[in-house]
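Following: one structure in structure tokens, then a few remarks.
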Amino acid sequence: MLTLLRQEIYKQIHGKFYIGWPIVMLLASLTAGYFLTSGKNHVDHQAFAFNVFNDNMDLVLIAMVVFASTIMIGDFANNTVKYLFSRQFSRLQIFISKLVTTFFMYIYLIVMSYIFTFISKMIFDRSGDMGIKYINQNLFSISWLLLLIIPMVMLVSNIVKNNGVAIALGIVFFFASSIVTAFSMVLMKKWDMLKFNPFNFLNVSTQFVDHSAKTVTNLSLTQMEIGTVVYALIFTAIAYVIYNHRNV
Amino acid sequence: MKVLEVQNLNKKFGQKQALFNVTFDVEPGTILGLIGPNGAGKSTIMKSIVGLTSYNSGSIKINGESLTKNNRKSLKNVGSMIESPAPYLSLTGYQNLKLFNDGSTTDGEIQEIMKDTQINSFCNRKAKKYSLGMKQRLGIAISLLNHPKLLILDEPMNGLDPQSTHDLRDLLLKLSKRGISVLISSHLLDELARIADYYVVINHGRVVKESDAKSFLSSGKNNIKFTTNDNEKAYNALLQAGFKAKMSDKTVELKDDGDSMNKALAALNDAGLEIQDVSKDKADLEESLLNLLTEDNQKEETK
């Protein structure tokens with residue numbers, strides 16, 4: 001397993017993603033910092049850091065959708081899967097190594113988000129505190145959403161054999177899911193049982209920040225969190241089954 | 001102990017049976033040529049051995065250890081290149097070697113592999129800029145990582161220029177002398193004939209013949225060629241003597257069944273012909289294979 005992890009990380013270190021995406025995030029942080037302070041006499045210090053961090057988290061969200069879409073099928077698209085699958089490692093070990101790498105990439109991008117927010121704060125709004133409490137709350141709310149959306153994206157992208165299509169499918173799925181969520185909320189008013197549909201749990205990030213969202217989701221925050229974990233496990237398991245049965 | 005034992009391997013793709021009780025084995029330090037026409041099942045056999053595809057029944061043992069879906073430990077000793085080389089294109093050749101090294105190959109050994117496969121000159125370029133031959137050599141280099149005891153190479157000579165083919169041949173012979181076994185398939189039969197110790201012929205998913213190289217070639221139907229002062233007359237004389245002779249532009253040919261030479265010479269002398277040249281054409285691997293496949297296909301048709 002350690003060998004597989006080392007290899008996955010080696011691929012990322014020698015790829016463009018881990019450098020390219022943080023550069024985009026840094027530029028976004030600086031641009032946001034500039035526009036949040038430019039020509040303003042009074043700056044809300046906590047809101048400044050929160051907004052810059054929030055912009056970074058939006059980019060992290062998209063980055064993770066792209067990353068999760070490609071990491072599972074990249075080897076199939078490049079045909080390198082023949083080397084990967086013809087060794088002593090089982091497909092489950094390979095699958096887990098990719099999940100762990102995805103988690104590592106998330107941690108890496110989060111760390112970058114904190115650093116870039118801090119840099120932007122140092123350049124454009126030196127005074128005042130960071131409002132770290134709100135930043136952390138934002139982080140956890142997005143993390144809950146990603147916990148559910150990543151397995152969903154992995155599941156959907158697993159059915160294709162091309163990197164570009166997988167990314168497109170992942171992003172389309174990500175945006176389409178919010179439409180389906182809105183639609184499911186309408187239906188939930190008619191059929192209460194539909195509150196357990198997976199798309200309702202995509203509201204977990206909203207409810208994490210604003211507990212009054214319970215009136216919309218019809219579930220408590222604890223129920224939402226448990227449901228998110230359960231669905232994440234189910235989708236991950238299905239994604240693995242598909243991965244395990246793919247032909248080489 | 002045998003390096004590879006394949007026993008009664010059966011594989012179905014949907015309703016279509018692709019392999020029928022395929023059985024053969026590979027001895028340590030030998031080179032086994034897996035030959036047969038396109039679609040015969042060679043790649044499916046190789047894919048089954050390296051666990052790329054599952055099989056319906058039968059067994060595969062590598063160094064005495066069974067290979068199953070849940071027990072793939074035995075693949076630790078196997079290096080392979082199946083169908084075509086597929087390195088990570090965004091990485092350099094050297095980075096690809098570092099990537100696929102599971103930690104057991106030292107930097108010095110990687111350098112040696114690079115030297116053996118002659119990729120030193122381009123190993124610092126990204127693999128996406130490689131020609132097919134370069135990728136092929138990199139693929140072979142990757143298969144040599146992690147101290148394999150068995151190499152499985154599917155068409156490794158594809159895309160190689162004559163010099164590289166020659167070098168690969170030498171490398172495989174060198175490896176087999178070091179005790180590494182090689183299971184190799186290739187359509188370049190002349191090249192295979194120079195290195196293989198054994199052949200397994202596959203046709204329609206079945207093992208048609210398993211034999212050492214010498215007996216395989218001697219089992220081929222050899223021809224005797226006569227050149228006379230009147231080939232047409234010679235042809236008729238041989239037909240009258242009961243031979244199934246063939247006439248070409250400059251020679252008359254017949255199949256050598258052992259004592260054909262003396263009998264044919266007698267028939268030609270009796271006909272008063274002046275024999276200018278007699279030569280024996282030993283069947284090469286290609287001819288032996290074609291004869292075998294023709295016979296097998298005829299058997300299949302009559303079933």
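Labels for the structure tokens follow display order: chains A, B, ..., residues from 1 in each chain, ligands from 1.
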Find the residues of chain A in contact range of chain B, meaning any atom within 10 Å when counting only C-alpha atoms, and list them as a VMD selection string.
chain A and resid 2 to 4 6 to 11 14 to 16 75 78 to 91 245 to 248
Export C-alpha atoms of the chosen residues as a compact mmCIF listing (two decimals), in the first residue's frame?
```txt
# COMPACT_ATOMS: atom_id res chain seq x y z
CA LEU A 2 2.83 2.38 0.86
CA THR A 3 4.41 1.67 -2.53
CA LEU A 4 1.13 2.53 -4.27
CA ARG A 6 4.31 6.72 -2.98
CA GLN A 7 3.66 6.15 -6.68
CA GLU A 8 0.42 8.14 -6.70
CA ILE A 9 2.09 11.02 -4.89
CA TYR A 10 5.11 10.81 -7.21
CA LYS A 11 2.75 11.21 -10.19
CA HIS A 14 5.59 15.50 -11.29
CA GLY A 15 2.26 16.70 -12.68
CA LYS A 16 1.02 20.24 -13.28
CA ASP A 75 -4.75 5.25 -15.94
CA ASN A 78 -3.47 6.71 -20.73
CA ASN A 79 -3.41 2.91 -20.92
CA THR A 80 -0.98 2.87 -17.99
CA VAL A 81 -3.55 0.75 -16.21
CA LYS A 82 -1.86 -2.30 -17.77
CA TYR A 83 1.23 -1.69 -15.65
CA LEU A 84 -0.82 -0.81 -12.61
CA PHE A 85 -3.05 -3.88 -12.71
CA SER A 86 -0.41 -6.41 -13.70
CA ARG A 87 1.45 -6.25 -10.42
CA GLN A 88 1.04 -7.84 -7.02
CA PHE A 89 -1.42 -5.21 -5.82
CA SER A 90 -5.17 -5.80 -5.76
CA ARG A 91 -7.56 -3.36 -7.36
CA HIS A 245 -14.99 -4.76 -13.00
CA ARG A 246 -13.53 -2.49 -15.65
CA ASN A 247 -11.94 -4.27 -18.54
CA VAL A 248 -8.35 -3.57 -19.44
```
Selection: 8 Å around Tyr199 (chain B), only C-alpha atoms, excl. self and same-chain fewer than 2 positions, as a CSV table (one decimal) with C-alpha atoms, in the first residue's frame:
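After the write, result.csv holds the following:
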```
chain,number,residue,atom,x,y,z
B,32,LEU,CA,9.3,-19.7,-24.6
B,33,GLY,CA,7.8,-18.4,-27.8
B,34,LEU,CA,4.0,-18.1,-27.8
B,35,ILE,CA,3.1,-18.1,-31.4
B,196,ALA,CA,13.3,-19.3,-28.3
B,197,ASP,CA,14.1,-22.6,-26.6
B,201,VAL,CA,1.5,-22.8,-30.8
B,209,LYS,CA,1.7,-27.9,-30.3
B,210,GLU,CA,4.2,-27.6,-27.5
B,211,SER,CA,7.7,-28.5,-28.5
B,212,ASP,CA,11.3,-27.6,-28.2
B,213,ALA,CA,12.7,-25.4,-30.9
B,216,PHE,CA,9.5,-28.1,-33.9
```
Pick from A:Ser120, A:Asn136, A:Ser184, A:Thr70: nearest to Val156 (chain A), with only C-alpha atoms counted?
A:Thr70
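Close contacts of region 125-135 of chain A, defined as residues with an atom at most 9 Å away when counting only C-alpha atoms, with chain neighbours fewer than 5 positions off set aside, comprise Gly33, Thr37, Val43, Asp44, His45, Gln46, Ala47, Phe48, Ala49, Phe50, Asn51, Phe53, Asn54, Tyr114, Thr117, Phe118, Ser120 and Phe140 of chain A.
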Residues at most 8 Å from Ala28 (chain A), counting only C-alpha atoms, excluding those fewer than 3 positions away in the same chain, as a PyMOL selection string?
chain A and resi 24-25+31-32+55-56
Please produce a file of those selected residues containing all heavy atoms, as an mmCIF file, in the first residue's frame.
```
data_model
loop_
_atom_site.group_PDB
_atom_site.id
_atom_site.type_symbol
_atom_site.label_atom_id
_atom_site.label_comp_id
_atom_site.auth_asym_id
_atom_site.auth_seq_id
_atom_site.Cartn_x
_atom_site.Cartn_y
_atom_site.Cartn_z
ATOM 1 N N VAL A 24 -3.540 29.597 -9.575
ATOM 2 C CA VAL A 24 -4.850 30.203 -9.843
ATOM 3 C C VAL A 24 -5.444 30.719 -8.524
ATOM 4 O O VAL A 24 -5.988 31.839 -8.458
ATOM 5 C CB VAL A 24 -5.797 29.159 -10.504
ATOM 6 C CG1 VAL A 24 -7.208 29.723 -10.658
ATOM 7 C CG2 VAL A 24 -5.258 28.732 -11.863
ATOM 8 N N MET A 25 -5.303 29.917 -7.467
ATOM 9 C CA MET A 25 -5.852 30.307 -6.157
ATOM 10 C C MET A 25 -5.159 31.552 -5.618
ATOM 11 O O MET A 25 -5.803 32.438 -5.056
ATOM 12 C CB MET A 25 -5.715 29.142 -5.167
ATOM 13 C CG MET A 25 -6.707 28.017 -5.417
ATOM 14 S SD MET A 25 -6.270 26.485 -4.564
ATOM 15 C CE MET A 25 -6.366 26.975 -2.868
ATOM 16 N N THR A 31 -6.539 39.095 -6.281
ATOM 17 C CA THR A 31 -7.571 39.878 -6.972
ATOM 18 C C THR A 31 -8.703 40.210 -5.996
ATOM 19 O O THR A 31 -9.169 41.357 -5.927
ATOM 20 C CB THR A 31 -8.138 39.074 -8.173
ATOM 21 O OG1 THR A 31 -7.042 38.602 -8.931
ATOM 22 C CG2 THR A 31 -9.042 39.919 -9.042
ATOM 23 N N ALA A 32 -9.138 39.197 -5.230
ATOM 24 C CA ALA A 32 -10.224 39.423 -4.268
ATOM 25 C C ALA A 32 -9.793 40.462 -3.240
ATOM 26 O O ALA A 32 -10.564 41.384 -2.913
ATOM 27 C CB ALA A 32 -10.583 38.110 -3.588
ATOM 28 N N ASP A 55 -13.537 32.442 -1.493
ATOM 29 C CA ASP A 55 -13.198 32.360 -2.930
ATOM 30 C C ASP A 55 -12.252 31.187 -3.190
ATOM 31 O O ASP A 55 -12.394 30.451 -4.159
ATOM 32 C CB ASP A 55 -12.523 33.659 -3.400
ATOM 33 C CG ASP A 55 -13.527 34.793 -3.501
ATOM 34 O OD1 ASP A 55 -14.739 34.513 -3.416
ATOM 35 O OD2 ASP A 55 -13.097 35.951 -3.646
ATOM 36 N N ASN A 56 -11.288 31.057 -2.279
ATOM 37 C CA ASN A 56 -10.344 29.935 -2.409
ATOM 38 C C ASN A 56 -11.067 28.599 -2.305
ATOM 39 O O ASN A 56 -10.774 27.664 -3.044
ATOM 40 C CB ASN A 56 -9.286 30.022 -1.304
ATOM 41 C CG ASN A 56 -8.087 30.819 -1.739
ATOM 42 O OD1 ASN A 56 -7.534 30.564 -2.805
ATOM 43 N ND2 ASN A 56 -7.701 31.797 -0.948
#
```
Which residues, written as a PyMOL selection string, have at least one atom at most 10 Å from region 204-221 of chain A, with only C-alpha atoms counted and residues fewer than 3 positions away on the same chain left out?
chain A and resi 134+137-146+148+184-186+188-189+192-196+199-201+224-228
Could you write out, as a PyMOL selection string, all the residues of region 64-134 of chain B that DSSP marks as strand (DSSP E)?
chain B and resi 65-66+78-81
Given the choices B:Gln118, B:Asn124, B:Asn229, B:Gln15, which gets closest to Ile140 (chain B) if the distance is worked out from only C-alpha atoms?
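Nearest to Ile140 (chain B): B:Gln118.
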Could you state the separation of CA of Met152 (chain A) and CA of Leu5 (chain A) in Å, given to one decimal place?
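CA of Met152 (chain A) sits 22.4 Å away from CA of Leu5 (chain A).
Near region 298-302 of chain B, within 12 Å and counting only C-alpha atoms, sit Asn203, His204, Arg206, Val208, Asn291 and Leu292 of chain B, not including residues fewer than 6 positions from it in the same chain.
The two atoms in question, CA of Gly179 (chain B) and CA of Ile195 (chain B), are spaced 14.4 Å apart.
Across the model, the gap from CA of Lys121 (chain A) to CA of Pro22 (chain A) is 16.8 Å.
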Within 7 Å of Phe24 (chain B), counting only C-alpha atoms, which residues qualify if same-chain residues fewer than 5 places away don't, as a ChimeraX atom specification?
/B:5-7
For the selection just defined, write its residues with N, CA, C and O atoms to a file, as a compact mmCIF listing (two decimals), in the first residue's frame.
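part_36.txt written:
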```txt
# COMPACT_ATOMS: atom_id res chain seq x y z
N GLU B 5 3.41 -22.26 -14.45
CA GLU B 5 2.61 -23.44 -14.80
C GLU B 5 1.19 -22.97 -15.11
O GLU B 5 0.51 -22.42 -14.24
N VAL B 6 0.79 -23.19 -16.33
CA VAL B 6 -0.58 -22.85 -16.73
C VAL B 6 -1.31 -24.18 -16.95
O VAL B 6 -0.85 -25.02 -17.73
N GLN B 7 -2.39 -24.38 -16.24
CA GLN B 7 -3.10 -25.66 -16.28
C GLN B 7 -4.55 -25.46 -16.68
O GLN B 7 -5.30 -24.76 -15.99
```
What residues in region 33-222 of chain B get the DSSP label alpha helix (DSSP H)? Please answer as a PyMOL selection string.
chain B and resi 42-49+93-100+107-116+132-143+162-177+189-195+213-218
